[in-house]
Amino acid sequence: MTGPLEGLVVADFSRVLAGPFATMLLGDLGADVVKVEHPDGGDETRAWGPPWYGGHSTYYLAVNRNKRSVALDLKTDAGREAARALAGRADVLVENFKAGTLERLGLGFEEVARDNPGLVWCSISGFGRGAGADLPGYDFLVQAMSGLMSITGPAGGEPTKVGVALVDVLTGLYAFGGVLAALAARDRTGRGQRVEVSLLGSALASLVNQASSYLCTGRPPRAMGNRHPSITPYETLATADRPLVLAVGNDGQFARLCRVLGLPGAAADARFATNADRVANRDDLAELLERALAARGAADWVAALAEAGVPCGLVNDVGEAFALAERLGLGPVAAAGGIPQVADPIRLSSTPASYRLAPPALGEHTAEVLGWLGAPPTDDRGAVTPP
């Protein structure tokens with residue numbers, strides 16, 4: 001058995017990141033994912049390099065394993081016929097076309113679902129299908145427009161995006177969860193449904209405590225650098241050589257921190273006795289802690305603090321992060337067709353994720369998939385040709 005979703009057919013009409021990330025997760029769990037791409041260039045991320053690996057952009061490789069690629073020109077009758085055949089065989093269809101595009105091609109949800117009532121159709125958009133349907137859905141724009149950038153970066157500094165397309169990733173996770181929920185409902189009812197996920201909605205939901213703070217107080221939160229609005233010390237602090245991170249979440253942890261740093265009186269100081277006191281006096285506390293931390297390097301402090309049960313860590317680069325995960329036995333790296341990949345973090349004891357297919361070349365499986373569908377053959381561009 002290749003996974004809990006073995007036998008599930010996913011028609012992936014999505015591009016770039018959010019949709020392909022969601023469908024890759026479905027593929028990791030055993031689904032047969034068929035990636036539909038235009039013959040001229042395919043998924044835009046194929047060209048998003050450098051860096052490159054084996055002739056492919058590393059961006060594209062990140063989210064397209066466990067898929068078969070079929071090249072279809074949906075502007076041709078034969079291309080649409082093949083796409084309808086795929087949608088008719090699919091359990092799940094994921095798309096992120098501009099609103100109304102698939103409907104104009106005769107491939108909209110209502111039309112396809114008439115012939116395939118069990119289909120779970122997942123639409124991913126930037127700003128929904130209503131008044132925001134024509135707005136371009138790019139992660140950077142949504143990081144800005146959702147308020148995420150307003151709470152990221154140094155206090156009083158320029159609003160800053162996260163260093164990865166985080167909104168796309170979060171939207172892909174919401175889409176993945178929505179699809180699984182719709183499949184569970186189908187198991188009970190026998191009918192599919194439409195799942196809609198937007199980048200803006202996903203970003204707002206992912207603001208969690210910051211969004212709750214605004215909704216309950218009416219005051220928009222602000223950027224605070226690496227500090228936390230409600231917990232202190234929960235930030236980066238300087239040591240003799242490099243910063244470390246403290247994530248002290250309760251008074252017991254704070255008392256142990258003070259003991260290790262040689263500041264036993266600080267835990268009883270009226271300015272720092274409770275978390276609320278510490279938040280009110282965070283600048284004084286940070287100055288006190290950094291004076292003590294200056295005596296030793298970050299790695300020494302992390303070892304001593306961790307032994308005392310104080311949540312702390314080094315500020316790693318990406319390479320150091322992978323090395324840490326390896327040391328901890330997390331197995332963070334997998335190989336799909338010989339291509340190094342970040343392992344799926346979902347660990348199932350009986351039906352684990354698998355890495356069966358490398359990210360495909362454009363149209364690599366066109367003939368195979370069209371034969372399976374009983375659709376017409378293709379020309380030398382990978383476009384379906386009329387019979």
# chains A, B, ... in the order shown; residues from 1 in each chain; ligands from 1
call {"tool": "residues_around", "arguments": {"residues": "A:Ser69", "least_positions_apart": "5", "cutoff": "10 Å", "atoms": "only C-alpha atoms", "output": "list in words"}}
result
Asp12, Val33, Val34, Lys35, Val36, Glu37, Gly42, Asn64, Pro359, Pro360, Ala361, Leu362, Gly363, Glu364, His365, Thr366, Ala367, Glu368 and Val369 of chain A
call {"tool": "residues_around", "arguments": {"residues": "stretch 209-226 of chain A", "least_positions_apart": "2", "cutoff": "9 Å", "atoms": "only C-alpha atoms", "output": "ChimeraX atom specification"}}
result
/A:149-157,159,204-207,228-229,234-236
call {"tool": "write_last_selection", "arguments": {"atoms": "C-alpha atoms", "output": "short mmCIF file (atom, residue, chain, number, x, y, z; two decimals), in the first residue's frame"}}
result
data_model
loop_
_atom_site.label_atom_id
_atom_site.label_comp_id
_atom_site.auth_asym_id
_atom_site.auth_seq_id
_atom_site.Cartn_x
_atom_site.Cartn_y
_atom_site.Cartn_z
CA MET A 149 3.88 42.81 6.90
CA SER A 150 2.68 45.47 9.34
CA ILE A 151 3.57 43.20 12.27
CA THR A 152 6.81 41.85 10.78
CA GLY A 153 10.17 43.58 10.97
CA PRO A 154 11.86 45.90 13.46
CA ALA A 155 9.79 48.18 15.65
CA GLY A 156 9.35 51.48 13.86
CA GLY A 157 11.05 50.13 10.75
CA PRO A 159 7.12 46.69 7.02
CA LEU A 204 -6.13 36.56 8.19
CA ALA A 205 -6.91 33.22 9.84
CA SER A 206 -3.19 32.64 10.32
CA LEU A 207 -2.72 35.91 12.21
CA HIS A 228 6.23 38.98 21.51
CA PRO A 229 3.34 41.34 22.34
CA TYR A 234 10.32 35.83 24.32
CA GLU A 235 12.88 37.31 21.95
CA THR A 236 16.45 37.27 20.67
#
call {"tool": "atom_distance", "arguments": {"atom1": "atom CA of A:Ala71", "atom2": "atom CA of A:Leu107"}}
result
16.5 Å
call {"tool": "select_by_dssp", "arguments": {"residues": "stretch 162-339 of chain A", "states": "strand (DSSP E)", "output": "list in words"}}
result
Arg194, Val195, Glu196, Val197, Ser198, Tyr234, Glu235, Thr236, Leu237, Leu244, Val245, Leu246, Ala247, Cys312, Gly313, Leu314, Val333, Ala334, Ala335, Ala336 and Ile339 of chain A
call {"tool": "write_last_selection", "arguments": {"atoms": "N, CA and C atoms", "output": "short mmCIF file (atom, residue, chain, number, x, y, z; two decimals), in the first residue's frame"}}
result
data_model
loop_
_atom_site.label_atom_id
_atom_site.label_comp_id
_atom_site.auth_asym_id
_atom_site.auth_seq_id
_atom_site.Cartn_x
_atom_site.Cartn_y
_atom_site.Cartn_z
N ARG A 194 -17.89 21.80 -3.46
CA ARG A 194 -16.88 22.80 -3.80
C ARG A 194 -16.19 23.28 -2.54
N VAL A 195 -14.88 23.32 -2.58
CA VAL A 195 -14.06 23.85 -1.50
C VAL A 195 -13.42 25.13 -2.01
N GLU A 196 -13.57 26.22 -1.28
CA GLU A 196 -12.99 27.49 -1.70
C GLU A 196 -12.02 27.98 -0.63
N VAL A 197 -10.84 28.36 -1.05
CA VAL A 197 -9.81 28.88 -0.15
C VAL A 197 -9.20 30.10 -0.82
N SER A 198 -9.03 31.18 -0.07
CA SER A 198 -8.39 32.37 -0.61
C SER A 198 -7.12 32.68 0.15
N TYR A 234 10.68 36.68 25.46
CA TYR A 234 10.32 35.83 24.32
C TYR A 234 10.87 36.55 23.11
N GLU A 235 12.20 36.46 22.92
CA GLU A 235 12.88 37.31 21.95
C GLU A 235 14.31 36.84 21.74
N THR A 236 15.02 37.51 20.82
CA THR A 236 16.45 37.27 20.67
C THR A 236 17.19 38.22 21.60
N LEU A 237 18.26 37.70 22.21
CA LEU A 237 19.08 38.50 23.10
C LEU A 237 20.55 38.26 22.76
N LEU A 244 20.95 34.49 20.93
CA LEU A 244 20.17 33.29 21.22
C LEU A 244 18.71 33.70 21.36
N VAL A 245 17.86 32.71 21.32
CA VAL A 245 16.42 32.94 21.48
C VAL A 245 15.98 32.40 22.83
N LEU A 246 15.25 33.19 23.56
CA LEU A 246 14.57 32.75 24.77
C LEU A 246 13.08 32.74 24.51
N ALA A 247 12.41 31.70 24.96
CA ALA A 247 10.96 31.60 24.79
C ALA A 247 10.36 31.19 26.13
N CYS A 312 15.01 27.56 24.86
CA CYS A 312 15.99 28.46 24.25
C CYS A 312 16.57 27.78 23.02
N GLY A 313 17.28 28.54 22.22
CA GLY A 313 17.90 27.95 21.04
C GLY A 313 18.76 28.96 20.32
N LEU A 314 19.60 28.44 19.41
CA LEU A 314 20.42 29.29 18.56
C LEU A 314 19.61 29.77 17.36
N VAL A 333 15.17 14.93 5.32
CA VAL A 333 15.45 14.91 3.88
C VAL A 333 15.03 13.57 3.30
N ALA A 334 14.34 13.63 2.17
CA ALA A 334 13.95 12.43 1.43
C ALA A 334 14.45 12.60 0.00
N ALA A 335 14.34 11.55 -0.78
CA ALA A 335 14.73 11.61 -2.19
C ALA A 335 13.57 11.11 -3.03
N ALA A 336 13.21 11.89 -4.03
CA ALA A 336 12.17 11.49 -4.98
C ALA A 336 12.84 11.38 -6.34
N ILE A 339 16.22 13.08 -6.45
CA ILE A 339 16.26 14.52 -6.21
C ILE A 339 16.04 14.78 -4.73
#
call {"tool": "select_by_dssp", "arguments": {"residues": "stretch 10-205 of chain A", "states": "alpha helix (DSSP H)", "output": "PyMOL selection string"}}
result
chain A and resi 18-28+58-62+77-89+101-104+109-115+139-145+166-189+199-205
call {"tool": "closest_residue", "arguments": {"among": "A:Leu257, A:Leu86, A:Ala99, A:Ala113", "to": "A:Asp134", "atoms": "only C-alpha atoms"}}
result
A:Ala99
call {"tool": "closest_residue", "arguments": {"among": "A:Pro243, A:Pro233, A:Gly172, A:Gly192", "to": "A:Pro311", "atoms": "only C-alpha atoms"}}
result
A:Pro233
call {"tool": "residues_around", "arguments": {"residues": "A:Ala185", "least_positions_apart": "4", "cutoff": "12 Å", "atoms": "only C-alpha atoms", "output": "ChimeraX atom specification"}}
result
/A:118-120,178-181,189-195
call {"tool": "atom_distance", "arguments": {"atom1": "atom CA of A:Ala303", "atom2": "atom CA of A:Leu328"}}
result
15.1 Å
call {"tool": "atom_distance", "arguments": {"atom1": "atom CA of A:Asp269", "atom2": "atom CA of A:Asn281"}}
result
11.1 Å
call {"tool": "residues_around", "arguments": {"residues": "A:Val142", "least_positions_apart": "3", "cutoff": "8 Å", "atoms": "only C-alpha atoms", "output": "list in words"}}
result
Gly126, Gly137, Tyr138, Asp139, Met145, Ser146, Val167, Leu199, Leu200 and Ala203 of chain A
call {"tool": "closest_residue", "arguments": {"among": "A:Val94, A:Leu305, A:Val260, A:Leu105", "to": "A:Lys75", "atoms": "only C-alpha atoms"}}
result
A:Leu105
call {"tool": "closest_residue", "arguments": {"among": "A:Gly79, A:Leu330, A:Lys67, A:Arg186", "to": "A:Pro376", "atoms": "only C-alpha atoms"}}
result
A:Gly79
call {"tool": "residues_around", "arguments": {"residues": "A:Val9", "least_positions_apart": "5", "cutoff": "10 Å", "atoms": "only C-alpha atoms", "output": "list in words"}}
result
Leu26, Gly27, Gly30, Ala31, Asp32, Val33, Val34, Leu86, Ala87, Arg89, Ala90, Asp91, Val92 and Leu93 of chain A
call {"tool": "write_last_selection", "arguments": {"atoms": "N, CA and C atoms", "output": "compact mmCIF listing (two decimals), in the first residue's frame"}}
result
# COMPACT_ATOMS: atom_id res chain seq x y z
N LEU A 26 -1.21 15.61 -1.05
CA LEU A 26 -2.11 14.52 -1.38
C LEU A 26 -1.35 13.38 -2.05
N GLY A 27 -0.41 13.74 -2.95
CA GLY A 27 0.40 12.73 -3.61
C GLY A 27 1.30 11.98 -2.65
N GLY A 30 -0.30 9.06 -1.19
CA GLY A 30 -0.69 7.96 -2.06
C GLY A 30 -1.59 8.30 -3.21
N ALA A 31 -2.12 9.52 -3.29
CA ALA A 31 -3.02 9.88 -4.39
C ALA A 31 -2.25 9.92 -5.71
N ASP A 32 -2.96 9.60 -6.79
CA ASP A 32 -2.42 9.71 -8.15
C ASP A 32 -2.72 11.11 -8.64
N VAL A 33 -1.71 11.97 -8.65
CA VAL A 33 -1.90 13.38 -9.01
C VAL A 33 -1.46 13.59 -10.46
N VAL A 34 -2.39 14.09 -11.27
CA VAL A 34 -2.09 14.41 -12.67
C VAL A 34 -2.03 15.92 -12.80
N LEU A 86 -10.40 13.84 -17.86
CA LEU A 86 -9.66 13.74 -16.61
C LEU A 86 -10.55 14.15 -15.43
N ALA A 87 -11.27 15.25 -15.57
CA ALA A 87 -12.17 15.69 -14.50
C ALA A 87 -13.24 14.64 -14.22
N ARG A 89 -12.86 11.46 -14.38
CA ARG A 89 -12.26 10.33 -13.67
C ARG A 89 -11.76 10.70 -12.27
N ALA A 90 -11.68 12.00 -12.00
CA ALA A 90 -11.02 12.46 -10.78
C ALA A 90 -11.93 12.37 -9.56
N ASP A 91 -11.31 12.18 -8.43
CA ASP A 91 -11.99 12.32 -7.14
C ASP A 91 -11.87 13.74 -6.63
N VAL A 92 -10.74 14.39 -6.97
CA VAL A 92 -10.45 15.74 -6.51
C VAL A 92 -9.93 16.54 -7.70
N LEU A 93 -10.39 17.78 -7.83
CA LEU A 93 -9.84 18.71 -8.82
C LEU A 93 -9.42 19.97 -8.07
call {"tool": "residues_around", "arguments": {"residues": "stretch 273-277 of chain A", "least_positions_apart": "5", "cutoff": "7 Å", "atoms": "only C-alpha atoms", "output": "VMD selection string"}}
result
chain A and resid 231 to 232 250 to 251 267 to 268
